[in-house]
Structures are given as structure tokens and as C-alpha cells.
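S.K.: One structure follows; several queries about it will come next.
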Amino acid sequence: MSELEIRCFNGFEVFVNKQRVERFYSQKTKALLIYLAIESMRLHNRSHLAGILWPTYDEGRARRNLSQTLTSLRKDLGDINQNESFFQISTQSIGLAGSENIYIDTKEFDATLSSIQKHTHQDILTCPACTNQLRQIINLYSGPFLHQFGEIDSVEFENWGLLTRERYLQEAIDAHTQFINNLIAQNQLDEAVTIAKQLLQMAPWRESAHQQLMLLFAKQGHRIQALNQYDQVTEVLMSELGVAPSAETDRLYDQILAGEFSPSEQPLIEKPQERAAPVIETPFQAPSVSPHFVGRTELLETVGQSLLEQPNSSPPVAIVGMGGVGKTAFAAQKARDLKPSFTDGVLWANSMTSQPHNILDSWARAYGHDFSSLTDLDSKATAVRGMLANKRVLLIIDNVENVSDIRPLLPSSESCAVLLTTRNSDVATALNAKIVRLDELTAENGKKLMIRILGQERISNNPDNPLA
């Protein structure tokens, strides 16, 4: 049985029976393999794959290109004449075979991370197996997802790749942070310093990592290095985000300057005395619920269940329907229903009337942040994703028309969920969203709606009566 190995971190490499595949027929053949590998938990409709790789082509031409590309990919892998193919192929769908002879580094990363997440934070600190798994994750993440892969003339694939890269970066950052905590708990300070420096190479704007490094230097007796680290975090935050260090970082600097962290006497991590912080009300930006909302009970329940699943295993949910069918009212009603479940807030945006920059600014202000000085959209989106990283938030984006405008608004945090409304199912498909179709009201619910708006008295009157 042939073996297939796919590595997507810090570039892209493929091995068949331990031999590196040196050439592919085209960038599109590589892109098809990558997409099937990352999204390997399910089969993919051919129309969907064609739309991802050839979004500007008509469906017939795109599907023909897909068939030709699949054939070329199988030839590149020596898969054509094998008794057991690497692929599951039908007239309607394509997917990677779920056999044990296919290794994907991102899949191992996901599985190891999932295993760790079954433990509580305190258990992870004291669990030797978890420490080894964290080291494994850090070793797997040798660099950004598809680093320097190049363009393939498909904005849909490139946007998908950008989101995937962002997700793995955030998960790698979290794994590095937890690994440092484990090393600190085991008093392995030299290795903790090494990992903290690696973390700051990936995310120089991560203030908590600078704090950890300051504390580690102080514990090791390197007071000057600890103070110099404060200068570095100040410079990075001002240049990257346009903000000064937090009050917590300032207090930490003052404590180290005053000699309060002694290598021999003080604990490594000592929480400074809390200062009163401004109270920021949990944001709820959804519009008012329509007083005449009727019906659609089962659909509301279905959407609610989808949004309350673990977001890292669930795509965005897209309410798709024609104009005027009630998508906005439906989303507002669902936001009200789910408000207790999303304890850190519900954010709303109308993508038809607001630009991505303004939406991100609005969301940042809802939590007391000001990122208006960031003129680059990617930088602002990164800052907002960092802000939402540990928050349980429902994001609702209404009237979605343009995929490229929505990409910067999507979070990377596994604690957030996303609900979209759109008239265009192709847009929802391009965003890998779970589509829920909203049709016109039934005759019965239409009558209920009319009664609510006009009142039972007017509905019941004889048509000859002027009041009718």
C-alpha cells in the first residue's frame, strides 16, 4: 500500500513512499491537494471545489477544469494505477481517503491540540503527557501555514488560505504560551526563555509574552534584560498597534526596577495589586427585535444549535434568502435568544452600509479599545482578532455581498461564533458557511403576521365595512 505524506507548515511538501514529489503539473493541482488535505473530514461537492479554484469561470468550465486538475494531480502522485487510491471520487464529490496511509501535519496538529483541550488548565500544568504534547505541537508548527506558497489566480482560495494561516498561527501562539507556563511550573526557566523568544518572533505584538519574558529574566537574576524587554514591548506596541503598554506591564516594570523580583526569594509570577479599571458594559449591538415576528420556530432552533457548537469545529452559519424575506429580523431574533450564551457580547455589522475598517473600529470601541490609528486593514483585523481571542462572542454580519470585505472580519478564536445573512448562496459557499435557507412565510404564518400588524378587529370585519 502506497503512503502519502503532506506537510503544509513553513511551506508545502509532499512525499509518496518517503520520496519527495519534486514537481506538480500546476499550482492548481497543489491547491486542490492542499484544500482536500486541510478539509479532510468530509467529501466536497465538485461545484464547491470548482468555485473555490476558478471563482470567475462559469460552472461548466470550472468543473471541467477541476476534472482535468484531479487527473493531473493523481498522475503527479502516481495514484492512477493503484489498487487503493488516495482519493474518494464520485460524479458529485471528491475527498481524500480516510486511510491510515495518509499523513497530514496539520491533521496531527489538530488531533494533538484536541487531546490537550480535554484537560482543565490546572491539569495541563501538572500533566507530563500534556507537556510532551505541547512540545510536539510546537515542533510541528515549523513556520506559517503555506509559507511563500505563491498565488494561484483565485481570490477565494487565497482568502481561505489566509484564514487558515491565521487560525493555525493563533493556535500555535496559545500552545507556546501554555508550554511556557508548564516549563515555569517545572522550574525549567532556560527552556522557558527560549520558547518565549520563539513566541515573540511569531507574535511580537503579544504583550503577555513580553510580560512572561520580563518575569523570567527577573527570576534568573537578569534585571537589566528584564528592563530592556519593557523597552522592546513599548516600541513594538507603538509601531504595530499604535498603543502604549498596559497598566499591568507598567506595574511589572516598576516592580522589577524596585527589585521586588529576587531570584532567590520571590515567586516567578506574582500578580500585582489590581487597580480599578473602567467598567465596560457587555456589548449587545443587535437591532431591536421586530414586534411582529412570527413562525420559523424550528429554523431558529436549528440555527441556535449550530452556533452553540464548538466554533473551531463549525463553520459560520449563513441565512440565505431573497430580499425582503426577513433575514435581518430573523438574525436579530436569534441574537436576542442567544444573548445569555455569549457572555462577552453580541457584535453586529451591516456590510452593505459600512466598510470593514469602520466595522472593526466599532467592534474595538465596544470593548474600550481604539485601533483607529491602524490604517492597514490586515493590521487592524489582527488587532481585533487578538482582542476577541479569549472572548465568548457572537458576531453577526448582515447583508453580505462581497467575500473579500468579510474575510478581515472573521475571528480566529475558537470561542467566537459567526452568523451571516446574504441573498447570494455562492457568497456563503465561498466563505465555507453552513447554509440555512429562509423562504417566504407559510400562508398560516402570513395570516398571523397580518393579524399582528393590523389587529384582529380589522381582519375580522366584513369587507363592506369601511374599517376593513
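Chain lettering (A, B, ...) mirrors the order of the C-alpha cells, residue numbering begins at 1 for each chain separately, and ligand numbering begins at 1 in order of display.
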I'd like the neighbourhood of Ala332 in chain A as a PyMOL selection string, where a residue qualifies if any of its atoms comes within 12 Å (using only C-alpha atoms), though same-chain residues fewer than 4 positions away should be ignored.
M.R.: chain A and resi 284-291+293+300+319+326-328+336-339+346-349+394-398+419-421
S.K.: Any chance you could tabulate, as a tab-separated table, the residues of range 154-263 of chain A at most 12 Å from range 377-391 of chain A with each one's nearest atom pair and distance in Å to one decimal, using only C-alpha atoms, in chain and rising number order?
M.R.:
```
residue	atom	partner	partner_atom	distance
A:Leu162	CA	A:Asp378	CA	10.5
A:Leu163	CA	A:Thr382	CA	11.1
A:Glu166	CA	A:Thr382	CA	8.7
A:Arg167	CA	A:Arg385	CA	10.1
A:Leu169	CA	A:Thr382	CA	11.1
A:Gln170	CA	A:Ala389	CA	8.3
A:Glu171	CA	A:Ala389	CA	10.1
A:Ile173	CA	A:Gly386	CA	10.8
A:Asp174	CA	A:Ala389	CA	9.7
A:Ala203	CA	A:Gly386	CA	10.4
A:Trp205	CA	A:Ala383	CA	8.9
A:Arg206	CA	A:Gly386	CA	8.5
A:Glu207	CA	A:Gly386	CA	10.6
A:Ser208	CA	A:Gly386	CA	11.5
A:Leu237	CA	A:Ala383	CA	10.7
A:Ser239	CA	A:Ser379	CA	10.9
A:Glu240	CA	A:Ser379	CA	7.5
A:Leu241	CA	A:Ala383	CA	7.1
A:Gly242	CA	A:Lys380	CA	10.4
A:Val243	CA	A:Ala383	CA	10.9
```
S.K.: Could you take the residues named above and write them with C-alpha atoms, as a tab-separated table (two decimals), in the first residue's frame?
M.R.:
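So selection_33.tsv came out as:
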```
chain	number	residue	atom	x	y	z
A	162	LEU	CA	-5.30	33.47	4.80
A	163	LEU	CA	-7.96	32.47	7.32
A	166	GLU	CA	-4.44	32.93	10.89
A	167	ARG	CA	-6.15	30.07	12.74
A	169	LEU	CA	-0.94	30.95	14.00
A	170	GLN	CA	-3.33	31.72	16.86
A	171	GLU	CA	-3.38	28.08	17.98
A	173	ILE	CA	0.63	31.10	19.90
A	174	ASP	CA	-1.70	29.63	22.52
A	203	ALA	CA	3.70	37.45	17.55
A	205	TRP	CA	2.71	42.39	19.46
A	206	ARG	CA	1.66	39.85	22.14
A	207	GLU	CA	2.07	41.84	25.31
A	208	SER	CA	1.54	38.92	27.70
A	237	LEU	CA	3.12	48.14	20.60
A	239	SER	CA	4.73	50.70	15.94
A	240	GLU	CA	2.37	47.72	15.42
A	241	LEU	CA	-0.82	48.81	17.17
A	242	GLY	CA	-0.33	52.48	18.00
A	243	VAL	CA	-0.91	51.92	21.73
```
S.K.: Using only C-alpha atoms, which of the listed residues (A:Ser372, A:Ser67, A:Gln220, A:Gln201) sits closest to Leu32 in chain A?
M.R.: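 Once distances to Leu32 in chain A are computed over only C-alpha atoms, the minimum belongs to A:Ser67.
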S.K.: If you run DSSP on this backbone, which residues of range 170-354 of chain A come out as alpha helix (DSSP H), and could you give them as a PyMOL selection string?
M.R.: chain A and resi 170-185+189-202+207-219+223-240+247-257+297-308+327-338
S.K.: Write the residues of the preceding selection, restricted to C-alpha atoms, as an mmCIF file, in the first residue's frame.
M.R.:
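out-v6.cif, freshly written:
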```
data_model
loop_
_atom_site.group_PDB
_atom_site.id
_atom_site.type_symbol
_atom_site.label_atom_id
_atom_site.label_comp_id
_atom_site.auth_asym_id
_atom_site.auth_seq_id
_atom_site.Cartn_x
_atom_site.Cartn_y
_atom_site.Cartn_z
ATOM 1 C CA GLN A 170 -3.328 31.718 16.861
ATOM 2 C CA GLU A 171 -3.383 28.083 17.979
ATOM 3 C CA ALA A 172 0.424 27.914 17.840
ATOM 4 C CA ILE A 173 0.634 31.104 19.899
ATOM 5 C CA ASP A 174 -1.697 29.633 22.517
ATOM 6 C CA ALA A 175 0.314 26.374 22.594
ATOM 7 C CA HIS A 176 3.587 28.279 23.076
ATOM 8 C CA THR A 177 2.022 30.272 25.909
ATOM 9 C CA GLN A 178 0.764 27.143 27.674
ATOM 10 C CA PHE A 179 4.106 25.372 27.147
ATOM 11 C CA ILE A 180 5.918 28.293 28.783
ATOM 12 C CA ASN A 181 3.543 28.022 31.755
ATOM 13 C CA ASN A 182 4.307 24.302 32.050
ATOM 14 C CA LEU A 183 8.062 24.924 31.920
ATOM 15 C CA ILE A 184 7.725 27.610 34.573
ATOM 16 C CA ALA A 185 5.761 25.219 36.795
ATOM 17 C CA LEU A 189 13.496 28.503 33.143
ATOM 18 C CA ASP A 190 16.176 28.356 30.441
ATOM 19 C CA GLU A 191 13.904 26.466 28.066
ATOM 20 C CA ALA A 192 11.010 28.738 29.017
ATOM 21 C CA VAL A 193 13.090 31.761 27.934
ATOM 22 C CA THR A 194 13.877 30.051 24.606
ATOM 23 C CA ILE A 195 10.208 29.303 23.929
ATOM 24 C CA ALA A 196 9.157 32.824 24.965
ATOM 25 C CA LYS A 197 11.603 34.262 22.425
ATOM 26 C CA GLN A 198 10.193 31.932 19.752
ATOM 27 C CA LEU A 199 6.709 33.113 20.632
ATOM 28 C CA LEU A 200 7.691 36.759 20.226
ATOM 29 C CA GLN A 201 9.169 36.027 16.819
ATOM 30 C CA MET A 202 5.728 34.778 15.750
ATOM 31 C CA GLU A 207 2.072 41.838 25.313
ATOM 32 C CA SER A 208 1.543 38.925 27.700
ATOM 33 C CA ALA A 209 4.557 37.136 26.144
ATOM 34 C CA HIS A 210 6.744 40.185 26.812
ATOM 35 C CA GLN A 211 5.495 40.136 30.409
ATOM 36 C CA GLN A 212 6.423 36.469 30.761
ATOM 37 C CA LEU A 213 9.886 37.128 29.405
ATOM 38 C CA MET A 214 10.368 40.062 31.773
ATOM 39 C CA LEU A 215 9.405 37.820 34.685
ATOM 40 C CA LEU A 216 11.670 35.012 33.513
ATOM 41 C CA PHE A 217 14.659 37.342 33.187
ATOM 42 C CA ALA A 218 13.915 38.752 36.651
ATOM 43 C CA LYS A 219 13.709 35.266 38.169
ATOM 44 C CA ARG A 223 17.412 42.524 35.838
ATOM 45 C CA ILE A 224 18.834 44.655 33.017
ATOM 46 C CA GLN A 225 17.479 42.262 30.376
ATOM 47 C CA ALA A 226 14.081 42.336 32.059
ATOM 48 C CA LEU A 227 14.014 46.148 31.954
ATOM 49 C CA ASN A 228 15.240 46.170 28.354
ATOM 50 C CA GLN A 229 12.361 43.876 27.454
ATOM 51 C CA TYR A 230 9.983 46.620 28.608
ATOM 52 C CA ASP A 231 11.597 48.999 26.115
ATOM 53 C CA GLN A 232 11.067 46.414 23.371
ATOM 54 C CA VAL A 233 7.391 45.882 24.147
ATOM 55 C CA THR A 234 6.855 49.653 24.227
ATOM 56 C CA GLU A 235 8.431 50.069 20.807
ATOM 57 C CA VAL A 236 6.539 47.126 19.285
ATOM 58 C CA LEU A 237 3.122 48.143 20.603
ATOM 59 C CA MET A 238 3.526 51.710 19.399
ATOM 60 C CA SER A 239 4.734 50.697 15.936
ATOM 61 C CA GLU A 240 2.373 47.718 15.423
ATOM 62 C CA ALA A 247 -1.006 49.389 33.200
ATOM 63 C CA GLU A 248 -0.147 45.800 34.190
ATOM 64 C CA THR A 249 3.074 45.907 32.152
ATOM 65 C CA ASP A 250 3.935 49.310 33.645
ATOM 66 C CA ARG A 251 3.437 47.948 37.166
ATOM 67 C CA LEU A 252 5.600 44.932 36.352
ATOM 68 C CA TYR A 253 8.376 47.236 35.135
ATOM 69 C CA ASP A 254 8.136 49.286 38.342
ATOM 70 C CA GLN A 255 8.350 46.151 40.489
ATOM 71 C CA ILE A 256 11.419 44.838 38.660
ATOM 72 C CA LEU A 257 13.029 48.276 38.809
ATOM 73 C CA THR A 297 -39.513 28.238 15.377
ATOM 74 C CA GLU A 298 -37.778 25.087 14.111
ATOM 75 C CA LEU A 299 -35.394 27.090 11.943
ATOM 76 C CA LEU A 300 -34.485 29.309 14.901
ATOM 77 C CA GLU A 301 -33.723 26.194 16.935
ATOM 78 C CA THR A 302 -31.569 24.703 14.165
ATOM 79 C CA VAL A 303 -29.512 27.873 13.767
ATOM 80 C CA GLY A 304 -29.110 28.186 17.527
ATOM 81 C CA GLN A 305 -27.751 24.655 17.826
ATOM 82 C CA SER A 306 -25.253 25.283 15.020
ATOM 83 C CA LEU A 307 -23.978 28.485 16.616
ATOM 84 C CA LEU A 308 -23.617 26.914 20.051
ATOM 85 C CA LYS A 327 -33.254 37.705 7.154
ATOM 86 C CA THR A 328 -32.345 40.716 9.316
ATOM 87 C CA ALA A 329 -35.374 40.242 11.584
ATOM 88 C CA PHE A 330 -34.527 36.539 11.884
ATOM 89 C CA ALA A 331 -30.897 37.307 12.839
ATOM 90 C CA ALA A 332 -31.980 39.942 15.375
ATOM 91 C CA GLN A 333 -34.394 37.471 16.977
ATOM 92 C CA LYS A 334 -31.681 34.802 17.164
ATOM 93 C CA ALA A 335 -29.243 37.305 18.675
ATOM 94 C CA ARG A 336 -31.760 38.062 21.432
ATOM 95 C CA ASP A 337 -32.318 34.340 22.082
ATOM 96 C CA LEU A 338 -28.574 33.576 22.297
#
```
S.K.: Quick one: residues within 10 Å of Glu59 in chain A, only C-alpha atoms, excluding same-chain residues fewer than 5 positions away - as a list of chain:residue names?
M.R.: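 My list of contacting residues is A:Arg46, A:Ser47, A:His48, A:Ala50, A:Gly51, A:Trp54, A:Arg64, A:Asn65.
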S.K.: Taking only C-alpha atoms into account, which of A:Ala430, A:Ile116, A:Leu140, A:Val317 comes nearest Asn159 in chain A?
M.R.: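 Closest residue, counting only C-alpha atoms: A:Ala430.
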S.K.: DSSP on the backbone, strand (DSSP E or B) only: what residues of range 43-174 of chain A does that give? Format it as number ranges by chain.
M.R.: A: 44-45, 87-89, 93-96, 102-104, 145
S.K.: Using only C-alpha atoms for the distances, tell me which of A:Val21, A:Cys130, A:Ser85, A:Ile406 is nearest to Ala97 in chain A.
M.R.: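 Between A:Val21, A:Cys130, A:Ser85, A:Ile406, the residue approaching Ala97 in chain A most closely is A:Ser85.
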S.K.: Residues within 7 Å of range 24-30 of chain A, please, as a PyMOL selection string. Count only C-alpha atoms; anything in the same chain fewer than 4 positions from it doesn't count.
M.R.: chain A and resi 34+69-70+72-73+76+152
